[in-house]
Amino acid sequence: MNEFVAPPIDWAAVSPVLVVLAAGVLGVLLEAFVPARARRATQLTLTLAALAGSLVAVGMLWDRVQENAVSVVGGSYLLTPFGLGVQAVIGVCALLGVLVVAERTTTGQDAFAPAAAAVPGTAYEDETRRAGLQQTEIYPLMLFATGGMLLFPATDDLIVMFVALEVLSLPLYVLCATARRRRLLSQEAAFKYFVLGAFASALFVFGIALVYGFAGTVRLQGVVQVLADPVTSPLGSMTALVVVGLLLVLSGLLFKIGAAPFHAWTPDVYQGAPTPITGFMAACTKAAAIGALVRVLFTLANGLDPATRHDVEVALWSVAILTMLVGTVAGAVQTDVKRMLAYSSIAHAGFLVVGLVGMDQVGSQAVLFYLLAYGLATIGAFAVVTLVREQTVSPGSSAETRVPTGEVPDDGVVLGEATRLAQWAGLGRKAPWLTAAFSLFLLSMAGIPLTAGFVAKFGVFSAAVEAGAWPLALLGVLASAVAVFFYVRVIVLMVLTPPTDHEAAGASAGQEPATGGTDGAPAPAGSGTATLTGAATRTLVSRTVVTVVGSRGPAAFAIAVCAVGVLLLGILPAGALDLVAQAAQFRP
Amino acid sequence: MEITNYLGLAAILFAIGATTVLLRRNAIVVFMGVELMLNATNLAFVTFARIHGDVTGQVLAFFVMVVAAAEVVVGLAIIITIFRSRRSASVDDVNLLNS
């Protein structure tokens, strides 16, 4: 019998992931042992501390990884400068995302159902609401998801990548189903995300099986060696295996990124999921999946012979073109702000893929900066969406008192988010700072100079040009120009359109589906128009105005940080670009 | 028996699973399709392990099994939540978001 020899493990290198996952496990235990009253504060402290600790660990590893990539247990965990850079981006975005999740606003309610297992519209659900229960499992779930994301781009082993993919996906499926309001939509989002996600990960793992069949190993370095020297593997001459396998693995990754033709889930899930979770997963999942894509694609494609590599490039080109097209064209006709942001995120996936076509360091560097710029703007934008709410108006109060000043009397109950774009008209008068921040995020997504988005887009397009893909860069610039149209349309709506335009909006609201009317709110109809006051049948709950709830701190802080970050990266990008250049090296 | 027959079987099972996911209406059946895809993958892993004469593929099959089990937990939970609030497990009924 062979004796088991424990492999030496470089714990310091694994620490960014380990801290987060350990805190997640601890969080589950806290859920059992800490009294209900103290649970939220404890969980929140633990989560923030773990994420901050992970960032510190990344910072401490930075110089060491610069000199030499760290490989733990033969590449099961592989820290290249690029992998570490992606981990840093994920850490920053997750920290900001958790702040938005923790926001309870001046209404004292967070965005999550008091008991997600309660059937919507039952007496039990009302009871959980009255009892003021809280679903603090949100925080451990977010930690597990973040842990998976941190591991995803930092491994050379495809099966570890698969496990990381599931560790990041499964908590996200659950989180999607936990919205406090519009619970049927939320559950539906979780269901769609789950079914399509499970399908994509099945494709992913079958791709791994084919790659394994080709090379006899799932280590990417090993596969590249077999590609260079086919006689070392019994099936080493069957390059078709590795190409099909690579394409299947890419499908799984492109699904997570939300690139066409694997984008179908994105709008529905982004719209249905609780908004803070949408922001979190939009920013962090994309960063993690792009990191893993770079790891797989850049390693394998550089080992393929030119003809096969050309085939993979053609696939990549098609995906990039299709994604930009779908994102911008469909984004331009959306009437729901969350759906619009979802399509904008699809378009951004396209721009990211444009930056990747060269499969070299210029590309990895550009993409890393893009992920940071996109992540900050996305989390900020979704955080703003969480604060713009609907509020009921009792029939007694007159509409005249609030329209001019934008002030809303306290007679109403604050409901869910006002996500129809028409409801955002005139927001600039109600909340100038919030509007300014949202406009800034949109301008950054559009790629206007002096924002982070401009530097980021410039980076990915010049990377594409340098790789000889100038038609792709040209298409990207055109798609950005179209995208500017729908971003600016929202800004014009918020700043220039007067808020009294709501009658037309109210008419269209009737077509909205019944949204699982929790909190006693059926589909909203009308927004602060005086026309409905006389209608006796449509009483208090059927009339809503749009209001902006105050933040209790966390979300306001997150929005401020995102706004400052977007501006700083746009005006003084030198420091960040230096860091990103250090993290461009994706080879071990 | 020729060992590549097992690979053929794995491919066929995978295709059946994928077709099930894409065509069937009942959420549970769709879910079974995903499981079939994962199990086809396991068969491929084990066959390739045999061809290569090492155990890596067999170990990987265990990983896939564990992940599939975790996926079942989350997936069934979500399907049951949907079923309890809508009294339906049909994929076609889940369409509120396509307004």
# chains A, B, ... in the order shown; residues from 1 in each chain; ligands from 1

$ interface_residues --of "chain A" --to "chain B" --cutoff "8 Å" --atoms "only C-alpha atoms" --output "PyMOL selection string"
chain A and resi 117+119-120+159+163+166+170+173-174+177+184-185+187-191+194-195+198-199+202+205-206+209-210+212-213+216-217+233-234+268+271-272+512-513

$ select_by_dssp --residues "range 29-209 of chain A" --states "alpha helix (DSSP H)" --output "PyMOL selection string"
chain A and resi 29-33+36-67+81-102+123-130+138-151+158-176+183-209

$ write_last_selection --atoms "C-alpha atoms" --output "compact mmCIF listing (two decimals), in the first residue's frame"
# COMPACT_ATOMS: atom_id res chain seq x y z
CA LEU A 29 -23.10 28.72 11.83
CA LEU A 30 -23.88 32.22 13.09
CA GLU A 31 -27.31 31.83 11.57
CA ALA A 32 -27.90 28.98 14.02
CA PHE A 33 -26.32 30.40 17.16
CA ALA A 36 -32.30 36.94 15.80
CA ARG A 37 -31.93 40.54 16.92
CA ALA A 38 -28.16 40.62 16.56
CA ARG A 39 -27.99 38.44 13.48
CA ARG A 40 -28.06 41.08 10.79
CA ALA A 41 -25.37 43.24 12.36
CA THR A 42 -23.15 40.22 12.99
CA GLN A 43 -23.54 38.83 9.49
CA LEU A 44 -22.95 42.19 7.90
CA THR A 45 -19.81 42.83 9.93
CA LEU A 46 -18.49 39.37 9.12
CA THR A 47 -19.22 39.74 5.40
CA LEU A 48 -17.63 43.16 5.08
CA ALA A 49 -14.63 42.07 7.15
CA ALA A 50 -14.16 38.93 5.04
CA LEU A 51 -14.31 40.83 1.76
CA ALA A 52 -11.97 43.52 3.05
CA GLY A 53 -9.66 40.78 4.33
CA SER A 54 -9.70 39.14 0.91
CA LEU A 55 -8.75 42.45 -0.70
CA VAL A 56 -5.91 42.89 1.78
CA ALA A 57 -4.71 39.37 0.97
CA VAL A 58 -4.79 40.22 -2.74
CA GLY A 59 -2.77 43.35 -2.02
CA MET A 60 -0.19 41.42 -0.03
CA LEU A 61 0.20 38.81 -2.78
CA TRP A 62 0.52 41.43 -5.52
CA ASP A 63 4.29 41.92 -5.54
CA ARG A 64 5.01 38.25 -5.06
CA VAL A 65 2.83 37.20 -7.98
CA GLN A 66 4.43 39.94 -10.11
CA GLU A 67 7.73 38.13 -9.87
CA PRO A 81 -0.91 38.46 -12.21
CA PHE A 82 -4.05 38.62 -14.36
CA GLY A 83 -5.92 36.19 -12.11
CA LEU A 84 -4.97 38.27 -9.10
CA GLY A 85 -6.08 41.43 -10.91
CA VAL A 86 -9.48 39.90 -11.61
CA GLN A 87 -9.72 38.88 -7.96
CA ALA A 88 -9.05 42.48 -6.97
CA VAL A 89 -11.82 43.74 -9.27
CA ILE A 90 -14.23 41.10 -7.92
CA GLY A 91 -13.29 42.01 -4.34
CA VAL A 92 -13.93 45.72 -4.86
CA CYS A 93 -17.22 45.13 -6.68
CA ALA A 94 -18.42 42.56 -4.11
CA LEU A 95 -17.67 44.95 -1.26
CA LEU A 96 -19.70 47.71 -2.90
CA GLY A 97 -22.39 45.19 -3.81
CA VAL A 98 -22.75 44.04 -0.21
CA LEU A 99 -23.13 47.67 0.91
CA VAL A 100 -26.06 48.08 -1.47
CA VAL A 101 -27.56 44.78 -0.28
CA ALA A 102 -27.30 45.96 3.33
CA ALA A 123 -51.54 34.68 5.58
CA TYR A 124 -48.24 33.14 6.55
CA GLU A 125 -46.42 35.66 4.42
CA ASP A 126 -48.30 38.55 6.06
CA GLU A 127 -47.37 37.16 9.42
CA THR A 128 -43.66 36.99 8.60
CA ARG A 129 -43.90 40.56 7.40
CA ARG A 130 -45.61 41.75 10.57
CA ILE A 138 -28.37 36.48 2.14
CA TYR A 139 -24.91 37.35 3.46
CA PRO A 140 -23.40 33.84 3.67
CA LEU A 141 -24.87 33.10 0.25
CA MET A 142 -23.17 36.19 -1.14
CA LEU A 143 -19.91 35.10 0.45
CA PHE A 144 -20.12 31.65 -1.14
CA ALA A 145 -20.89 33.19 -4.51
CA THR A 146 -17.96 35.59 -4.14
CA GLY A 147 -15.69 32.72 -3.09
CA GLY A 148 -16.61 30.82 -6.26
CA MET A 149 -16.00 33.92 -8.32
CA LEU A 150 -12.56 34.45 -6.79
CA LEU A 151 -11.61 30.84 -7.55
CA LEU A 158 -10.83 22.60 -15.69
CA ILE A 159 -12.64 20.52 -13.10
CA VAL A 160 -11.81 23.01 -10.34
CA MET A 161 -13.14 25.64 -12.70
CA PHE A 162 -16.35 23.64 -13.03
CA VAL A 163 -16.71 23.34 -9.26
CA ALA A 164 -16.04 27.08 -8.91
CA LEU A 165 -18.67 27.75 -11.56
CA GLU A 166 -21.24 25.85 -9.52
CA VAL A 167 -20.14 27.40 -6.24
CA LEU A 168 -20.72 30.83 -7.71
CA SER A 169 -23.92 29.93 -9.57
CA LEU A 170 -25.95 27.98 -7.01
CA PRO A 171 -26.06 30.77 -4.40
CA LEU A 172 -26.95 33.26 -7.13
CA TYR A 173 -29.92 31.13 -8.24
CA VAL A 174 -31.19 31.19 -4.67
CA LEU A 175 -30.51 34.90 -4.19
CA CYS A 176 -32.50 35.70 -7.32
CA ARG A 183 -42.04 37.92 -5.65
CA LEU A 184 -43.50 35.92 -8.51
CA LEU A 185 -41.22 37.76 -10.91
CA SER A 186 -38.32 37.10 -8.61
CA GLN A 187 -39.04 33.38 -8.39
CA GLU A 188 -39.50 33.24 -12.12
CA ALA A 189 -36.12 34.89 -12.62
CA ALA A 190 -34.52 32.31 -10.35
CA PHE A 191 -36.20 29.48 -12.25
CA LYS A 192 -35.09 30.73 -15.65
CA TYR A 193 -31.59 31.41 -14.44
CA PHE A 194 -31.42 27.97 -12.89
CA VAL A 195 -32.69 25.96 -15.87
CA LEU A 196 -30.54 27.79 -18.39
CA GLY A 197 -27.58 27.90 -16.03
CA ALA A 198 -27.76 24.16 -15.38
CA PHE A 199 -27.98 23.54 -19.13
CA ALA A 200 -24.93 25.74 -19.72
CA SER A 201 -22.91 24.05 -17.02
CA ALA A 202 -23.81 20.64 -18.46
CA LEU A 203 -22.41 21.81 -21.80
CA PHE A 204 -19.37 23.13 -19.95
CA VAL A 205 -18.66 19.83 -18.20
CA PHE A 206 -19.19 17.77 -21.36
CA GLY A 207 -16.64 20.03 -23.01
CA ILE A 208 -14.26 19.22 -20.16
CA ALA A 209 -14.87 15.50 -20.75

$ select_by_dssp --residues "range 259-493 of chain A" --states "strand (DSSP E)" --output "ChimeraX atom specification"
/A:388-392,414-417

$ write_last_selection --atoms "N, CA and C atoms" --output "compact mmCIF listing (two decimals), in the first residue's frame"
# COMPACT_ATOMS: atom_id res chain seq x y z
N VAL A 388 -35.25 54.60 -6.05
CA VAL A 388 -36.37 55.28 -6.71
C VAL A 388 -37.58 54.38 -6.58
N ARG A 389 -38.57 54.82 -5.80
CA ARG A 389 -39.66 53.93 -5.43
C ARG A 389 -41.01 54.51 -5.82
N GLU A 390 -41.99 53.63 -5.73
CA GLU A 390 -43.37 54.07 -5.86
C GLU A 390 -43.93 54.28 -4.46
N GLN A 391 -44.87 55.22 -4.37
CA GLN A 391 -45.47 55.48 -3.07
C GLN A 391 -46.96 55.68 -3.29
N THR A 392 -47.75 55.07 -2.42
CA THR A 392 -49.20 55.24 -2.56
C THR A 392 -49.59 56.63 -2.10
N VAL A 414 -44.47 53.38 1.11
CA VAL A 414 -43.48 53.23 0.04
C VAL A 414 -43.51 51.80 -0.46
N LEU A 415 -43.64 51.66 -1.76
CA LEU A 415 -43.76 50.32 -2.36
C LEU A 415 -42.45 49.93 -3.02
N GLY A 416 -42.58 49.12 -4.06
CA GLY A 416 -41.39 48.64 -4.76
C GLY A 416 -40.76 49.71 -5.63
N GLU A 417 -39.77 49.29 -6.38
CA GLU A 417 -39.05 50.24 -7.21
C GLU A 417 -39.88 50.68 -8.41

$ residues_around --residues "Glu103 in chain A" --least-positions-apart "2" --cutoff "8 Å" --atoms "only C-alpha atoms" --output "list in words"
Leu99, Val100, Val101, Thr105, Asp110, Ala111, Ser551, Arg552, Gly553, Pro554 and Ala555 of chain A

$ residues_around --residues "range 23-26 of chain B" --least-positions-apart "5" --cutoff "7 Å" --atoms "only C-alpha atoms" --output "JSON, numbers by chain"
{"B": [89, 90, 91, 92]}

$ write_last_selection --atoms "N, CA and C atoms" --output "PDB file, in the first residue's frame"
ATOM      1  N   ALA B  89     -46.182  23.351 -12.761  1.00  0.00           N
ATOM      2  CA  ALA B  89     -44.754  23.145 -12.949  1.00  0.00           C
ATOM      3  C   ALA B  89     -44.411  23.188 -14.427  1.00  0.00           C
ATOM      4  N   SER B  90     -45.274  23.841 -15.208  1.00  0.00           N
ATOM      5  CA  SER B  90     -45.016  23.903 -16.645  1.00  0.00           C
ATOM      6  C   SER B  90     -44.100  25.076 -16.963  1.00  0.00           C
ATOM      7  N   VAL B  91     -43.123  24.825 -17.790  1.00  0.00           N
ATOM      8  CA  VAL B  91     -42.177  25.876 -18.151  1.00  0.00           C
ATOM      9  C   VAL B  91     -42.879  26.989 -18.918  1.00  0.00           C
ATOM     10  N   ASP B  92     -43.914  26.635 -19.675  1.00  0.00           N
ATOM     11  CA  ASP B  92     -44.598  27.645 -20.478  1.00  0.00           C
ATOM     12  C   ASP B  92     -45.390  28.636 -19.634  1.00  0.00           C
TER      13      ASP B  92
END

$ residues_around --residues "Ala584 in chain A" --least-positions-apart "6" --cutoff "9 Å" --atoms "only C-alpha atoms" --output "ChimeraX atom specification"
/A:81-82,85,360-366,368

$ residues_around --residues "Ala425 in chain A" --least-positions-apart "6" --cutoff "6 Å" --atoms "only C-alpha atoms" --output "MDAnalysis selection string"
chainID A and resid 493:494 497 499

$ write_last_selection --atoms "N, CA and C atoms" --output "PDB file, in the first residue's frame"
ATOM      1  N   LEU A 493     -34.687  62.385 -20.153  1.00  0.00           N
ATOM      2  CA  LEU A 493     -35.953  62.109 -19.472  1.00  0.00           C
ATOM      3  C   LEU A 493     -35.891  62.562 -18.015  1.00  0.00           C
ATOM      4  N   MET A 494     -34.786  62.286 -17.360  1.00  0.00           N
ATOM      5  CA  MET A 494     -34.688  62.602 -15.932  1.00  0.00           C
ATOM      6  C   MET A 494     -34.551  64.096 -15.703  1.00  0.00           C
ATOM      7  N   THR A 497     -37.422  66.461 -18.929  1.00  0.00           N
ATOM      8  CA  THR A 497     -38.858  66.217 -19.028  1.00  0.00           C
ATOM      9  C   THR A 497     -39.534  66.526 -17.696  1.00  0.00           C
ATOM     10  N   PRO A 499     -42.104  66.198 -14.609  1.00  0.00           N
ATOM     11  CA  PRO A 499     -42.685  64.977 -14.035  1.00  0.00           C
ATOM     12  C   PRO A 499     -44.182  64.855 -14.237  1.00  0.00           C
TER      13      PRO A 499
END

$ residues_around --residues "range 77-79 of chain A" --least-positions-apart "4" --cutoff "9 Å" --atoms "only C-alpha atoms" --output "PyMOL selection string"
chain A and resi 13-14+65+69-73+83-84+151+153-157+160+588

$ decode --residues "range 1-61 of chain B" --atoms "C-alpha atoms" --output "PDB file, in the first residue's frame"
ATOM      1  CA  MET B   1     -16.704  -4.991 -27.022  1.00  0.00           C
ATOM      2  CA  GLU B   2     -15.230  -1.951 -28.640  1.00  0.00           C
ATOM      3  CA  ILE B   3     -14.617   0.743 -26.040  1.00  0.00           C
ATOM      4  CA  THR B   4     -15.601   3.578 -28.358  1.00  0.00           C
ATOM      5  CA  ASN B   5     -19.173   2.249 -28.233  1.00  0.00           C
ATOM      6  CA  TYR B   6     -19.362   3.680 -24.729  1.00  0.00           C
ATOM      7  CA  LEU B   7     -18.389   7.067 -26.099  1.00  0.00           C
ATOM      8  CA  GLY B   8     -21.119   6.754 -28.693  1.00  0.00           C
ATOM      9  CA  LEU B   9     -23.607   5.905 -25.963  1.00  0.00           C
ATOM     10  CA  ALA B  10     -22.431   8.890 -23.909  1.00  0.00           C
ATOM     11  CA  ALA B  11     -22.912  11.195 -26.884  1.00  0.00           C
ATOM     12  CA  ILE B  12     -26.381   9.795 -27.575  1.00  0.00           C
ATOM     13  CA  LEU B  13     -27.431  10.154 -23.928  1.00  0.00           C
ATOM     14  CA  PHE B  14     -26.098  13.700 -23.883  1.00  0.00           C
ATOM     15  CA  ALA B  15     -28.061  14.543 -27.016  1.00  0.00           C
ATOM     16  CA  ILE B  16     -31.237  13.026 -25.564  1.00  0.00           C
ATOM     17  CA  GLY B  17     -30.742  15.049 -22.390  1.00  0.00           C
ATOM     18  CA  ALA B  18     -30.184  18.276 -24.305  1.00  0.00           C
ATOM     19  CA  THR B  19     -33.252  17.627 -26.443  1.00  0.00           C
ATOM     20  CA  THR B  20     -35.302  16.998 -23.315  1.00  0.00           C
ATOM     21  CA  VAL B  21     -34.225  20.315 -21.823  1.00  0.00           C
ATOM     22  CA  LEU B  22     -35.059  22.196 -24.984  1.00  0.00           C
ATOM     23  CA  LEU B  23     -38.358  20.532 -25.864  1.00  0.00           C
ATOM     24  CA  ARG B  24     -40.167  19.304 -22.769  1.00  0.00           C
ATOM     25  CA  ARG B  25     -42.611  21.519 -20.889  1.00  0.00           C
ATOM     26  CA  ASN B  26     -42.647  20.084 -17.391  1.00  0.00           C
ATOM     27  CA  ALA B  27     -39.989  21.659 -15.184  1.00  0.00           C
ATOM     28  CA  ILE B  28     -39.207  18.362 -13.474  1.00  0.00           C
ATOM     29  CA  VAL B  29     -38.696  16.604 -16.798  1.00  0.00           C
ATOM     30  CA  VAL B  30     -36.504  19.463 -18.007  1.00  0.00           C
ATOM     31  CA  PHE B  31     -34.513  19.030 -14.864  1.00  0.00           C
ATOM     32  CA  MET B  32     -34.178  15.287 -15.501  1.00  0.00           C
ATOM     33  CA  GLY B  33     -32.803  16.191 -18.918  1.00  0.00           C
ATOM     34  CA  VAL B  34     -30.024  18.193 -17.254  1.00  0.00           C
ATOM     35  CA  GLU B  35     -29.254  15.248 -14.986  1.00  0.00           C
ATOM     36  CA  LEU B  36     -29.098  12.949 -18.005  1.00  0.00           C
ATOM     37  CA  MET B  37     -26.583  15.291 -19.618  1.00  0.00           C
ATOM     38  CA  LEU B  38     -24.430  15.221 -16.502  1.00  0.00           C
ATOM     39  CA  ASN B  39     -24.588  11.434 -16.291  1.00  0.00           C
ATOM     40  CA  ALA B  40     -23.674  11.107 -19.961  1.00  0.00           C
ATOM     41  CA  THR B  41     -20.661  13.233 -19.105  1.00  0.00           C
ATOM     42  CA  ASN B  42     -19.783  10.840 -16.304  1.00  0.00           C
ATOM     43  CA  LEU B  43     -19.893   7.917 -18.705  1.00  0.00           C
ATOM     44  CA  ALA B  44     -17.607   9.776 -21.078  1.00  0.00           C
ATOM     45  CA  PHE B  45     -15.222  10.577 -18.235  1.00  0.00           C
ATOM     46  CA  VAL B  46     -15.009   6.963 -17.107  1.00  0.00           C
ATOM     47  CA  THR B  47     -14.574   5.651 -20.653  1.00  0.00           C
ATOM     48  CA  PHE B  48     -11.813   8.124 -21.378  1.00  0.00           C
ATOM     49  CA  ALA B  49     -10.191   7.159 -18.079  1.00  0.00           C
ATOM     50  CA  ARG B  50     -10.184   3.563 -19.289  1.00  0.00           C
ATOM     51  CA  ILE B  51      -8.666   4.542 -22.643  1.00  0.00           C
ATOM     52  CA  HIS B  52      -5.964   6.600 -20.971  1.00  0.00           C
ATOM     53  CA  GLY B  53      -5.421   3.995 -18.286  1.00  0.00           C
ATOM     54  CA  ASP B  54      -5.458   6.473 -15.376  1.00  0.00           C
ATOM     55  CA  VAL B  55      -7.946   7.209 -12.632  1.00  0.00           C
ATOM     56  CA  THR B  56      -8.275  10.970 -13.116  1.00  0.00           C
ATOM     57  CA  GLY B  57     -11.416  10.536 -15.159  1.00  0.00           C
ATOM     58  CA  GLN B  58     -13.044   8.377 -12.491  1.00  0.00           C
ATOM     59  CA  VAL B  59     -12.245  10.966  -9.839  1.00  0.00           C
ATOM     60  CA  LEU B  60     -13.734  13.671 -12.044  1.00  0.00           C
ATOM     61  CA  ALA B  61     -16.932  11.615 -12.315  1.00  0.00           C
TER      62      ALA B  61
END
